[in-house]
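Enquirer: Sending over coords_3.pdb (PDB, C-alpha atoms).
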```pdb
ATOM      1  CA  MET A   1     -20.774  11.465 -39.538
ATOM      2  CA  LYS A   2     -20.091   9.636 -36.285
ATOM      3  CA  LEU A   3     -16.963   7.473 -36.198
ATOM      4  CA  GLY A   4     -17.136   4.190 -34.299
ATOM      5  CA  PHE A   5     -16.177   0.539 -34.523
ATOM      6  CA  VAL A   6     -17.707  -2.930 -34.738
ATOM      7  CA  SER A   7     -17.442  -4.467 -31.271
ATOM      8  CA  ALA A   8     -16.779  -8.032 -32.498
ATOM      9  CA  ILE A   9     -13.025  -7.370 -32.508
ATOM     10  CA  LEU A  10     -13.172  -7.006 -28.701
ATOM     11  CA  ASP A  11     -13.971 -10.670 -28.135
ATOM     12  CA  GLY A  12     -13.563 -11.450 -24.439
ATOM     13  CA  TRP A  13     -14.232  -7.879 -23.312
ATOM     14  CA  SER A  14     -17.375  -7.324 -21.251
ATOM     15  CA  PHE A  15     -20.017  -4.836 -22.370
ATOM     16  CA  GLU A  16     -18.655  -2.349 -19.853
ATOM     17  CA  GLU A  17     -15.033  -2.865 -20.931
ATOM     18  CA  MET A  18     -16.005  -2.487 -24.567
ATOM     19  CA  MET A  19     -17.934   0.738 -23.941
ATOM     20  CA  ASP A  20     -15.182   2.115 -21.698
ATOM     21  CA  THR A  21     -12.635   1.410 -24.441
ATOM     22  CA  ALA A  22     -14.763   3.316 -26.939
ATOM     23  CA  GLN A  23     -15.052   6.242 -24.514
ATOM     24  CA  GLU A  24     -11.331   6.302 -23.691
ATOM     25  CA  MET A  25     -10.452   6.371 -27.406
ATOM     26  CA  ASP A  26     -13.080   9.067 -28.032
ATOM     27  CA  PHE A  27     -15.163   7.028 -30.468
ATOM     28  CA  LYS A  28     -18.670   8.365 -30.972
ATOM     29  CA  CYS A  29     -20.460   5.044 -31.492
ATOM     30  CA  VAL A  30     -20.195   1.251 -31.507
ATOM     31  CA  GLU A  31     -21.944  -1.424 -33.535
ATOM     32  CA  VAL A  32     -22.645  -3.954 -30.794
ATOM     33  CA  ALA A  33     -22.282  -7.694 -31.486
ATOM     34  CA  CYS A  34     -25.250  -9.761 -30.260
ATOM     35  CA  TRP A  35     -24.600 -13.396 -31.161
ATOM     36  CA  PRO A  36     -26.360 -16.239 -29.333
ATOM     37  CA  ASN A  37     -24.565 -18.305 -26.729
ATOM     38  CA  GLY A  38     -22.654 -21.275 -28.108
ATOM     39  CA  LYS A  39     -19.660 -22.143 -30.240
ATOM     40  CA  ALA A  40     -18.879 -19.753 -33.100
ATOM     41  CA  GLU A  41     -18.812 -21.293 -36.573
ATOM     42  CA  ARG A  42     -16.334 -18.737 -37.955
ATOM     43  CA  ARG A  43     -14.028 -15.865 -37.023
ATOM     44  CA  TYR A  44     -15.674 -12.736 -35.594
ATOM     45  CA  ALA A  45     -18.911 -14.636 -34.966
ATOM     46  CA  GLY A  46     -20.112 -15.737 -31.559
ATOM     47  CA  VAL A  47     -19.219 -12.457 -29.838
ATOM     48  CA  SER A  48     -21.985 -11.071 -27.651
ATOM     49  CA  HIS A  49     -21.630  -7.769 -25.827
ATOM     50  CA  ILE A  50     -25.380  -7.662 -25.236
ATOM     51  CA  ASP A  51     -27.133 -10.945 -24.452
ATOM     52  CA  VAL A  52     -30.583 -10.456 -25.964
ATOM     53  CA  ASP A  53     -31.807 -13.664 -24.296
ATOM     54  CA  ALA A  54     -31.290 -12.068 -20.873
ATOM     55  CA  LEU A  55     -32.618  -8.606 -21.662
ATOM     56  CA  ASP A  56     -35.195  -7.787 -18.999
ATOM     57  CA  ASP A  57     -36.382  -4.300 -17.990
ATOM     58  CA  ALA A  58     -33.602  -3.897 -15.423
ATOM     59  CA  LYS A  59     -30.904  -4.828 -17.954
ATOM     60  CA  ILE A  60     -32.367  -2.476 -20.549
ATOM     61  CA  ALA A  61     -32.287   0.413 -18.064
ATOM     62  CA  TYR A  62     -28.720  -0.475 -17.064
ATOM     63  CA  ILE A  63     -27.484  -0.525 -20.688
ATOM     64  CA  GLN A  64     -29.202   2.774 -21.474
ATOM     65  CA  GLN A  65     -27.679   4.370 -18.380
ATOM     66  CA  TYR A  66     -24.216   3.059 -19.303
ATOM     67  CA  VAL A  67     -24.582   4.449 -22.825
ATOM     68  CA  GLN A  68     -25.528   7.823 -21.373
ATOM     69  CA  LYS A  69     -22.638   7.720 -18.899
ATOM     70  CA  THR A  70     -20.011   7.000 -21.566
ATOM     71  CA  GLY A  71     -21.514   9.272 -24.201
ATOM     72  CA  VAL A  72     -20.943   6.524 -26.795
ATOM     73  CA  GLU A  73     -24.000   5.771 -28.930
ATOM     74  CA  ILE A  74     -24.977   2.287 -30.055
ATOM     75  CA  SER A  75     -25.220   2.553 -33.844
ATOM     76  CA  SER A  76     -26.897  -0.827 -34.241
ATOM     77  CA  LEU A  77     -27.210  -4.297 -32.791
ATOM     78  CA  ALA A  78     -25.218  -6.665 -34.993
ATOM     79  CA  PHE A  79     -25.929 -10.308 -35.816
ATOM     80  CA  TYR A  80     -24.647 -11.740 -39.104
ATOM     81  CA  PRO A  81     -26.057 -15.262 -39.583
ATOM     82  CA  ASN A  82     -27.310 -17.207 -42.592
ATOM     83  CA  THR A  83     -31.085 -16.874 -42.406
ATOM     84  CA  MET A  84     -31.457 -18.912 -45.605
ATOM     85  CA  ASP A  85     -29.221 -21.828 -44.600
ATOM     86  CA  ALA A  86     -29.906 -25.095 -46.432
ATOM     87  CA  ASP A  87     -30.048 -26.776 -43.002
ATOM     88  CA  LEU A  88     -33.614 -25.948 -41.958
ATOM     89  CA  GLU A  89     -32.865 -26.314 -38.248
ATOM     90  CA  LYS A  90     -29.943 -23.863 -38.454
ATOM     91  CA  ARG A  91     -32.046 -21.529 -40.597
ATOM     92  CA  GLN A  92     -34.843 -21.384 -38.041
ATOM     93  CA  HIS A  93     -32.419 -20.944 -35.163
ATOM     94  CA  ASN A  94     -30.832 -17.984 -36.955
ATOM     95  CA  ILE A  95     -34.186 -16.401 -37.788
ATOM     96  CA  ASP A  96     -35.424 -16.834 -34.212
ATOM     97  CA  HIS A  97     -32.348 -15.121 -32.801
ATOM     98  CA  LEU A  98     -32.508 -12.347 -35.384
ATOM     99  CA  MET A  99     -36.084 -11.654 -34.271
ATOM    100  CA  LYS A 100     -34.844 -11.332 -30.680
ATOM    101  CA  VAL A 101     -32.112  -8.924 -31.780
ATOM    102  CA  ILE A 102     -34.722  -6.828 -33.601
ATOM    103  CA  GLU A 103     -36.885  -6.733 -30.464
ATOM    104  CA  ALA A 104     -33.870  -5.812 -28.321
ATOM    105  CA  SER A 105     -32.926  -3.012 -30.704
ATOM    106  CA  SER A 106     -36.407  -1.556 -30.332
ATOM    107  CA  LYS A 107     -36.466  -1.891 -26.536
ATOM    108  CA  LEU A 108     -33.072  -0.206 -26.210
ATOM    109  CA  GLY A 109     -34.088   2.649 -28.508
ATOM    110  CA  VAL A 110     -31.344   1.783 -31.015
ATOM    111  CA  ASN A 111     -33.813   0.947 -33.796
ATOM    112  CA  MET A 112     -31.195  -0.481 -36.164
ATOM    113  CA  VAL A 113     -30.012  -4.046 -36.812
ATOM    114  CA  THR A 114     -27.059  -4.847 -39.068
ATOM    115  CA  THR A 115     -27.065  -8.328 -40.581
ATOM    116  CA  PHE A 116     -26.896 -10.504 -43.718
ATOM    117  CA  ILE A 117     -29.821 -11.551 -45.887
ATOM    118  CA  GLY A 118     -28.382 -15.078 -46.086
ATOM    119  CA  ARG A 119     -28.102 -17.571 -48.918
ATOM    120  CA  ASP A 120     -28.564 -21.267 -49.620
ATOM    121  CA  SER A 121     -25.136 -21.868 -51.139
ATOM    122  CA  SER A 122     -26.387 -24.982 -52.962
ATOM    123  CA  LYS A 123     -28.912 -22.954 -54.962
ATOM    124  CA  CYS A 124     -28.504 -20.483 -57.821
ATOM    125  CA  ILE A 125     -29.288 -16.762 -57.548
ATOM    126  CA  GLU A 126     -32.793 -17.134 -58.995
ATOM    127  CA  GLU A 127     -33.675 -19.890 -56.525
ATOM    128  CA  ASN A 128     -32.330 -17.805 -53.664
ATOM    129  CA  LEU A 129     -34.458 -14.839 -54.743
ATOM    130  CA  GLU A 130     -37.484 -17.108 -54.402
ATOM    131  CA  LEU A 131     -36.319 -17.958 -50.868
ATOM    132  CA  VAL A 132     -36.054 -14.248 -50.097
ATOM    133  CA  LYS A 133     -39.738 -13.890 -51.006
ATOM    134  CA  GLN A 134     -40.657 -16.617 -48.503
ATOM    135  CA  ILE A 135     -38.353 -15.852 -45.596
ATOM    136  CA  TRP A 136     -37.904 -12.103 -45.334
ATOM    137  CA  PRO A 137     -41.378 -10.449 -45.395
ATOM    138  CA  PRO A 138     -42.269 -11.660 -41.854
ATOM    139  CA  ILE A 139     -38.885 -10.478 -40.536
ATOM    140  CA  LEU A 140     -39.223  -7.030 -42.090
ATOM    141  CA  GLU A 141     -42.848  -6.663 -41.056
ATOM    142  CA  HIS A 142     -41.962  -7.545 -37.470
ATOM    143  CA  ALA A 143     -39.120  -4.995 -37.543
ATOM    144  CA  ALA A 144     -41.355  -2.325 -39.094
ATOM    145  CA  LYS A 145     -43.969  -2.726 -36.350
ATOM    146  CA  LEU A 146     -41.217  -2.115 -33.797
ATOM    147  CA  GLY A 147     -39.720   0.842 -35.659
ATOM    148  CA  VAL A 148     -36.477  -0.992 -36.480
ATOM    149  CA  ARG A 149     -34.489  -0.591 -39.692
ATOM    150  CA  ILE A 150     -32.545  -3.544 -41.127
ATOM    151  CA  ALA A 151     -29.189  -2.807 -42.821
ATOM    152  CA  ILE A 152     -27.776  -5.665 -44.916
ATOM    153  CA  GLU A 153     -24.012  -5.825 -45.345
ATOM    154  CA  ASN A 154     -22.686  -6.613 -48.837
ATOM    155  CA  CYS A 155     -20.166  -9.262 -47.756
ATOM    156  CA  PRO A 156     -20.484 -12.395 -49.935
ATOM    157  CA  MET A 157     -19.411 -14.656 -47.050
ATOM    158  CA  LEU A 158     -17.476 -16.648 -49.620
ATOM    159  CA  PHE A 159     -13.933 -17.188 -48.446
ATOM    160  CA  ASP A 160     -13.043 -20.880 -48.203
ATOM    161  CA  ARG A 161     -14.263 -24.358 -49.094
ATOM    162  CA  SER A 162     -16.866 -24.426 -46.283
ATOM    163  CA  GLN A 163     -18.763 -21.592 -48.003
ATOM    164  CA  TRP A 164     -18.274 -22.771 -51.576
ATOM    165  CA  PRO A 165     -20.026 -22.467 -53.967
ATOM    166  CA  GLY A 166     -22.095 -19.312 -53.789
ATOM    167  CA  GLY A 167     -21.303 -18.067 -50.309
ATOM    168  CA  GLN A 168     -23.737 -17.368 -47.501
ATOM    169  CA  ASN A 169     -25.070 -13.903 -48.308
ATOM    170  CA  LEU A 170     -27.038 -13.039 -51.439
ATOM    171  CA  MET A 171     -26.992  -9.205 -51.319
ATOM    172  CA  THR A 172     -23.466  -8.729 -52.626
ATOM    173  CA  THR A 173     -23.777  -6.629 -55.791
ATOM    174  CA  PRO A 174     -25.786  -3.597 -56.970
ATOM    175  CA  VAL A 175     -27.610  -5.804 -59.498
ATOM    176  CA  ILE A 176     -28.828  -8.144 -56.771
ATOM    177  CA  TRP A 177     -29.593  -5.230 -54.425
ATOM    178  CA  LYS A 178     -32.063  -3.889 -56.971
ATOM    179  CA  GLN A 179     -33.679  -7.305 -57.420
ATOM    180  CA  VAL A 180     -34.086  -7.763 -53.668
ATOM    181  CA  PHE A 181     -35.461  -4.246 -53.147
ATOM    182  CA  ASP A 182     -37.985  -4.919 -55.938
ATOM    183  CA  ILE A 183     -39.023  -8.159 -54.230
ATOM    184  CA  LEU A 184     -39.093  -6.571 -50.762
ATOM    185  CA  PRO A 185     -40.561  -3.057 -51.085
ATOM    186  CA  TYR A 186     -40.098  -2.218 -47.400
ATOM    187  CA  ASP A 187     -38.872   1.213 -46.352
ATOM    188  CA  ASN A 188     -37.056  -0.279 -43.354
ATOM    189  CA  LEU A 189     -34.776  -2.465 -45.516
ATOM    190  CA  GLY A 190     -31.438  -0.919 -46.458
ATOM    191  CA  ILE A 191     -27.698  -1.416 -46.787
ATOM    192  CA  ASN A 192     -24.755  -1.581 -44.416
ATOM    193  CA  TYR A 193     -22.206  -0.436 -47.005
ATOM    194  CA  ASP A 194     -18.701  -1.908 -46.901
ATOM    195  CA  PRO A 195     -16.492  -0.800 -49.832
ATOM    196  CA  SER A 196     -13.858  -3.479 -49.237
ATOM    197  CA  HIS A 197     -16.065  -6.310 -50.507
ATOM    198  CA  PHE A 198     -16.459  -4.564 -53.852
ATOM    199  CA  ILE A 199     -12.677  -4.278 -54.241
ATOM    200  CA  TRP A 200     -12.099  -8.033 -54.539
ATOM    201  CA  GLN A 201     -15.295  -8.548 -56.549
ATOM    202  CA  MET A 202     -13.907  -6.029 -59.091
ATOM    203  CA  ILE A 203     -16.969  -3.776 -58.625
ATOM    204  CA  ASP A 204     -16.976   0.022 -58.583
ATOM    205  CA  TYR A 205     -17.373   0.893 -54.891
ATOM    206  CA  ILE A 206     -18.202   4.579 -55.453
ATOM    207  CA  GLN A 207     -21.049   4.691 -58.001
ATOM    208  CA  PRO A 208     -23.483   2.504 -55.994
ATOM    209  CA  LEU A 209     -23.392   5.085 -53.196
ATOM    210  CA  TYR A 210     -25.160   7.502 -55.537
ATOM    211  CA  GLU A 211     -27.545   4.940 -57.024
ATOM    212  CA  PHE A 212     -28.675   3.613 -53.629
ATOM    213  CA  ARG A 213     -28.286   6.802 -51.610
ATOM    214  CA  ASP A 214     -31.727   6.436 -49.990
ATOM    215  CA  ARG A 215     -31.019   2.840 -48.919
ATOM    216  CA  ILE A 216     -27.713   3.381 -47.130
ATOM    217  CA  PHE A 217     -28.524   3.114 -43.418
ATOM    218  CA  HIS A 218     -25.070   2.336 -41.979
ATOM    219  CA  VAL A 219     -21.497   2.110 -43.313
ATOM    220  CA  HIS A 220     -18.358   0.128 -42.497
ATOM    221  CA  CYS A 221     -14.719   1.124 -42.803
ATOM    222  CA  LYS A 222     -12.634  -1.936 -43.626
ATOM    223  CA  ASP A 223      -9.911  -2.195 -46.232
ATOM    224  CA  ILE A 224      -8.856  -4.951 -48.636
ATOM    225  CA  LYS A 225      -5.414  -5.463 -50.142
ATOM    226  CA  LEU A 226      -5.294  -7.356 -53.418
ATOM    227  CA  ASP A 227      -2.207  -9.464 -54.100
ATOM    228  CA  VAL A 228      -1.962  -8.775 -57.819
ATOM    229  CA  ASP A 229       0.699 -11.422 -58.476
ATOM    230  CA  LYS A 230      -1.413 -14.130 -56.832
ATOM    231  CA  LEU A 231      -4.537 -12.906 -58.626
ATOM    232  CA  ARG A 232      -2.744 -13.232 -61.982
ATOM    233  CA  ARG A 233      -1.873 -16.819 -61.114
ATOM    234  CA  CYS A 234      -5.114 -18.077 -59.553
ATOM    235  CA  GLY A 235      -7.759 -15.798 -61.108
ATOM    236  CA  VAL A 236     -11.032 -14.506 -59.679
ATOM    237  CA  MET A 237     -12.579 -17.997 -59.565
ATOM    238  CA  ALA A 238     -10.195 -19.033 -56.765
ATOM    239  CA  TYR A 239     -11.077 -18.814 -53.080
ATOM    240  CA  PRO A 240     -10.974 -15.056 -52.413
ATOM    241  CA  LEU A 241      -8.485 -15.375 -49.552
ATOM    242  CA  ASP A 242      -6.049 -16.823 -52.103
ATOM    243  CA  PHE A 243      -5.616 -13.342 -53.595
ATOM    244  CA  MET A 244      -6.778 -10.764 -51.059
ATOM    245  CA  HIS A 245      -6.326  -9.848 -47.405
ATOM    246  CA  PRO A 246      -8.538  -7.757 -45.061
ATOM    247  CA  LYS A 247      -6.570  -4.781 -43.720
ATOM    248  CA  LEU A 248      -7.013  -1.760 -41.487
ATOM    249  CA  PRO A 249      -8.360   1.368 -43.220
ATOM    250  CA  GLY A 250      -5.515   2.987 -45.134
ATOM    251  CA  LEU A 251      -3.465  -0.208 -45.476
ATOM    252  CA  GLY A 252      -5.326  -1.581 -48.492
ATOM    253  CA  ASP A 253      -6.742  -0.494 -51.833
ATOM    254  CA  VAL A 254      -9.801   1.583 -50.872
ATOM    255  CA  ASP A 255      -9.444   5.285 -51.693
ATOM    256  CA  TRP A 256     -10.969   6.611 -48.471
ATOM    257  CA  GLY A 257     -10.935  10.219 -49.616
ATOM    258  CA  LYS A 258     -13.118   9.371 -52.614
ATOM    259  CA  TYR A 259     -15.344   7.110 -50.512
ATOM    260  CA  ILE A 260     -16.033   9.671 -47.791
ATOM    261  CA  SER A 261     -16.360  12.409 -50.410
ATOM    262  CA  ALA A 262     -19.133  10.419 -52.103
ATOM    263  CA  LEU A 263     -20.858   9.879 -48.751
ATOM    264  CA  THR A 264     -20.836  13.633 -48.159
ATOM    265  CA  ASP A 265     -22.177  14.170 -51.686
ATOM    266  CA  ILE A 266     -25.251  12.058 -50.925
ATOM    267  CA  GLY A 267     -25.777  13.721 -47.561
ATOM    268  CA  TYR A 268     -24.898  10.704 -45.433
ATOM    269  CA  ASP A 269     -24.267  11.939 -41.892
ATOM    270  CA  SER A 270     -24.882   8.892 -39.731
ATOM    271  CA  PHE A 271     -22.784   6.061 -38.266
ATOM    272  CA  THR A 272     -19.426   5.078 -39.787
ATOM    273  CA  CYS A 273     -17.954   2.021 -38.063
ATOM    274  CA  ILE A 274     -14.422   0.668 -38.400
ATOM    275  CA  GLU A 275     -14.422  -3.111 -38.821
ATOM    276  CA  VAL A 276     -11.148  -4.797 -37.896
ATOM    277  CA  GLU A 277     -10.388  -8.153 -39.549
ATOM    278  CA  ASP A 278      -6.651  -7.655 -40.045
ATOM    279  CA  ARG A 279      -4.783 -10.751 -38.822
ATOM    280  CA  SER A 280      -1.647  -8.662 -38.310
ATOM    281  CA  PHE A 281      -3.322  -7.098 -35.273
ATOM    282  CA  GLU A 282      -4.776 -10.130 -33.500
ATOM    283  CA  SER A 283      -1.817 -11.631 -31.637
ATOM    284  CA  SER A 284      -2.497  -9.883 -28.326
ATOM    285  CA  ARG A 285      -4.972  -7.687 -26.502
ATOM    286  CA  GLU A 286      -2.678  -4.688 -26.957
ATOM    287  CA  LYS A 287      -2.399  -5.348 -30.707
ATOM    288  CA  VAL A 288      -6.194  -5.366 -30.965
ATOM    289  CA  LEU A 289      -6.325  -2.018 -29.182
ATOM    290  CA  ASP A 290      -3.580  -0.725 -31.492
ATOM    291  CA  SER A 291      -5.736  -1.669 -34.489
ATOM    292  CA  LEU A 292      -8.503   0.597 -33.230
ATOM    293  CA  ARG A 293      -6.106   3.446 -32.383
ATOM    294  CA  LEU A 294      -4.417   3.320 -35.799
ATOM    295  CA  SER A 295      -7.698   2.997 -37.695
ATOM    296  CA  LYS A 296      -9.211   5.934 -35.835
ATOM    297  CA  ARG A 297      -6.139   8.090 -36.396
ATOM    298  CA  TYR A 298      -6.288   7.384 -40.133
ATOM    299  CA  MET A 299     -10.051   7.834 -40.567
ATOM    300  CA  GLU A 300     -10.056  11.109 -38.654
ATOM    301  CA  GLN A 301      -8.539  12.674 -41.781
ATOM    302  CA  PHE A 302     -12.035  12.309 -43.235
ATOM    303  CA  VAL A 303     -14.499  11.733 -40.361
ATOM    304  CA  ILE A 304     -14.441  13.576 -37.027
TER
END
```
Output the file's structure as structure tokens, nothing else.

Expert:
Amino acid sequence: MKLGFVSAILDGWSFEEMMDTAQEMDFKCVEVACWPNGKAERRYAGVSHIDVDALDDAKIAYIQQYVQKTGVEISSLAFYPNTMDADLEKRQHNIDHLMKVIEASSKLGVNMVTTFIGRDSSKCIEENLELVKQIWPPILEHAAKLGVRIAIENCPMLFDRSQWPGGQNLMTTPVIWKQVFDILPYDNLGINYDPSHFIWQMIDYIQPLYEFRDRIFHVHCKDIKLDVDKLRRCGVMAYPLDFMHPKLPGLGDVDWGKYISALTDIGYDSFTCIEVEDRSFESSREKVLDSLRLSKRYMEQFVI
């Protein structure tokens, strides 16, 4: 496996600074954030280390040369919007930009995009599955023609009142994964597997690795710490951030030995990217860098 990180945590760093940081810390890869220009609607969104709207032949050659110079691979181009937003204007804007990210991934020779499938939070699961049938075939067909694989992260995007009820991403559980894969029988559709989201959903985060072994295209390393006392008081129907906290790998409840062991069992030997969303490490630029150093040091017990 190749250990890297999700570049969104380096908000404010240039592409070159981000890649140099990865090289200096001896990371093998980065998942590169590619959000459109404009105000971010939430934390960790709006970061763009590659501007796909300004990606001409000269810029493509420059990025490829910089990747070669640093020796740090780009694992995927990352854009995590809601492509099934109830606001049709927002929905189309998100789909249009996702298409550009797919095209950029092909042109750069990355051939992977990490994203969400989206969700209309005002609709039930069955209604959202019908939306999947309408919205996603053209996206996947466009990606397939360009040789690009799409890896959907299993984050529910359900954290506070702005995303309630239902959240903004449908592909959050193994049951729904199977339904979506049945609806969308495309070989280039897979999973960006993040065990932390299963922790707070009370889902086994090991067994699905075996069940969906052929669909796991990319994996994240982020931890979640459950506050058991708060959970006993507010229950699982509360806003998730009322009873859990994102943490650096090793500082939460994921058993990383078991997780990486299962990945080796299924023969996964691709990109493994640390995702930092730990508020304890966001107060300064140096703290952000510390979060990457500490996470790498911990994960190197399992992934070199």

Enquirer: Can you tell me which residues surround Lys230 in chain A at a distance of at most 9 Å, considering all atoms listed in the file, apart from same-chain residues fewer than 5 positions away, and format the answer as a tab-separated table (two decimals) with C-alpha atoms, in the coordinates of the input?

Expert:
```tsv
chain	number	residue	atom	x	y	z
A	235	GLY	CA	-7.76	-15.80	-61.11
A	242	ASP	CA	-6.05	-16.82	-52.10
A	243	PHE	CA	-5.62	-13.34	-53.60
A	244	MET	CA	-6.78	-10.76	-51.06
```

Enquirer: Looking at A:Trp200, A:Glu300, A:Thr264, A:Asp120, which one is nearest to Lys28 in chain A, with distances taken over only C-alpha atoms?

Expert: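 Of the candidates, the smallest distance to Lys28 in chain A is held by A:Glu300.
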
Enquirer: Taking only C-alpha atoms into account, name the residue in A:Val303, A:Met84, A:Ala58, A:Leu294 that is nearest to Met25 in chain A.

Expert: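 Closest candidate: A:Leu294.
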
Enquirer: Given the point (-32.1, -7.1, -27.9) in the coordinates of this file, which residues lie within 10 Å, counting all atoms listed in the file, and how would they look as a PyMOL selection string?

Expert: chain A and resi 34+50-56+60+77-78+97-110+113

Enquirer: The PyMOL selection byres ((chain A and resi 171) around 9) on the file shown: which residues, as a compact mmCIF listing (two decimals) with C-alpha atoms, in the coordinates of the input?

Expert:
```txt
# COMPACT_ATOMS: atom_id res chain seq x y z
CA PHE A 116 -26.90 -10.50 -43.72
CA ILE A 117 -29.82 -11.55 -45.89
CA GLY A 118 -28.38 -15.08 -46.09
CA ARG A 119 -28.10 -17.57 -48.92
CA ILE A 152 -27.78 -5.66 -44.92
CA GLU A 153 -24.01 -5.82 -45.34
CA ASN A 154 -22.69 -6.61 -48.84
CA CYS A 155 -20.17 -9.26 -47.76
CA PRO A 156 -20.48 -12.40 -49.94
CA ASN A 169 -25.07 -13.90 -48.31
CA LEU A 170 -27.04 -13.04 -51.44
CA THR A 172 -23.47 -8.73 -52.63
CA THR A 173 -23.78 -6.63 -55.79
CA PRO A 174 -25.79 -3.60 -56.97
CA VAL A 175 -27.61 -5.80 -59.50
CA ILE A 176 -28.83 -8.14 -56.77
CA TRP A 177 -29.59 -5.23 -54.42
CA VAL A 180 -34.09 -7.76 -53.67
```

Enquirer: Do you know which residues the PyMOL selection byres ((chain A and resi 266) around 10) returns on this file, as a PDB file with C-alpha atoms, in the frame of the given file?

Expert:
```
ATOM      1  CA  LEU A 209     -23.392   5.085 -53.196  1.00  0.00           C
ATOM      2  CA  TYR A 210     -25.160   7.502 -55.537  1.00  0.00           C
ATOM      3  CA  GLU A 211     -27.545   4.940 -57.024  1.00  0.00           C
ATOM      4  CA  PHE A 212     -28.675   3.613 -53.629  1.00  0.00           C
ATOM      5  CA  ARG A 213     -28.286   6.802 -51.610  1.00  0.00           C
ATOM      6  CA  ASP A 214     -31.727   6.436 -49.990  1.00  0.00           C
ATOM      7  CA  ILE A 216     -27.713   3.381 -47.130  1.00  0.00           C
ATOM      8  CA  SER A 261     -16.360  12.409 -50.410  1.00  0.00           C
ATOM      9  CA  ALA A 262     -19.133  10.419 -52.103  1.00  0.00           C
ATOM     10  CA  LEU A 263     -20.858   9.879 -48.751  1.00  0.00           C
ATOM     11  CA  THR A 264     -20.836  13.633 -48.159  1.00  0.00           C
ATOM     12  CA  ASP A 265     -22.177  14.170 -51.686  1.00  0.00           C
ATOM     13  CA  GLY A 267     -25.777  13.721 -47.561  1.00  0.00           C
ATOM     14  CA  TYR A 268     -24.898  10.704 -45.433  1.00  0.00           C
ATOM     15  CA  ASP A 269     -24.267  11.939 -41.892  1.00  0.00           C
TER      16      ASP A 269
END
```

Enquirer: Under the rule that all atoms listed in the file are counted, which of A:Met18, A:Ala45, A:Val148, A:Ile260 is the nearest residue to Tyr205 in chain A?

Expert: A:Ile260

Enquirer: I'd like to see the residues matched by the PyMOL selection byres ((chain A and resi 296) around 12) on this file, and ideally I'd get them as a PyMOL selection string.

Expert: chain A and resi 2-5+22+25-28+221-222+248-250+272-276+289-295+297-304

Enquirer: With all atoms listed in the file as the basis for distance, which of A:Cys124, A:Leu129, A:Ile206, A:Leu189 is at the shortest distance from His142 in chain A?

Expert: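 Counting all atoms listed in the file, the residue closest to His142 in chain A is A:Leu189.
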
Enquirer: Between A:Ile9, A:Met237, A:Met112, A:Ser122, which has the minimum distance to Asp160 in chain A (counting only C-alpha atoms)?

Expert: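 Closest to Asp160 in chain A, using only C-alpha atoms: A:Met237.
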
Enquirer: Restricting the calculation to all atoms listed in the file, which member of A:Tyr193, A:Tyr80, A:Phe198, A:Tyr186 is positioned closest to Trp136 in chain A?

Expert: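 Among the listed residues, the smallest separation from Trp136 in chain A belongs to A:Tyr186.
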
Enquirer: In Å, how far is it from CA of Lys90 in chain A to CA of Pro36 in chain A?

Expert: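 The value is 12.4 Å.
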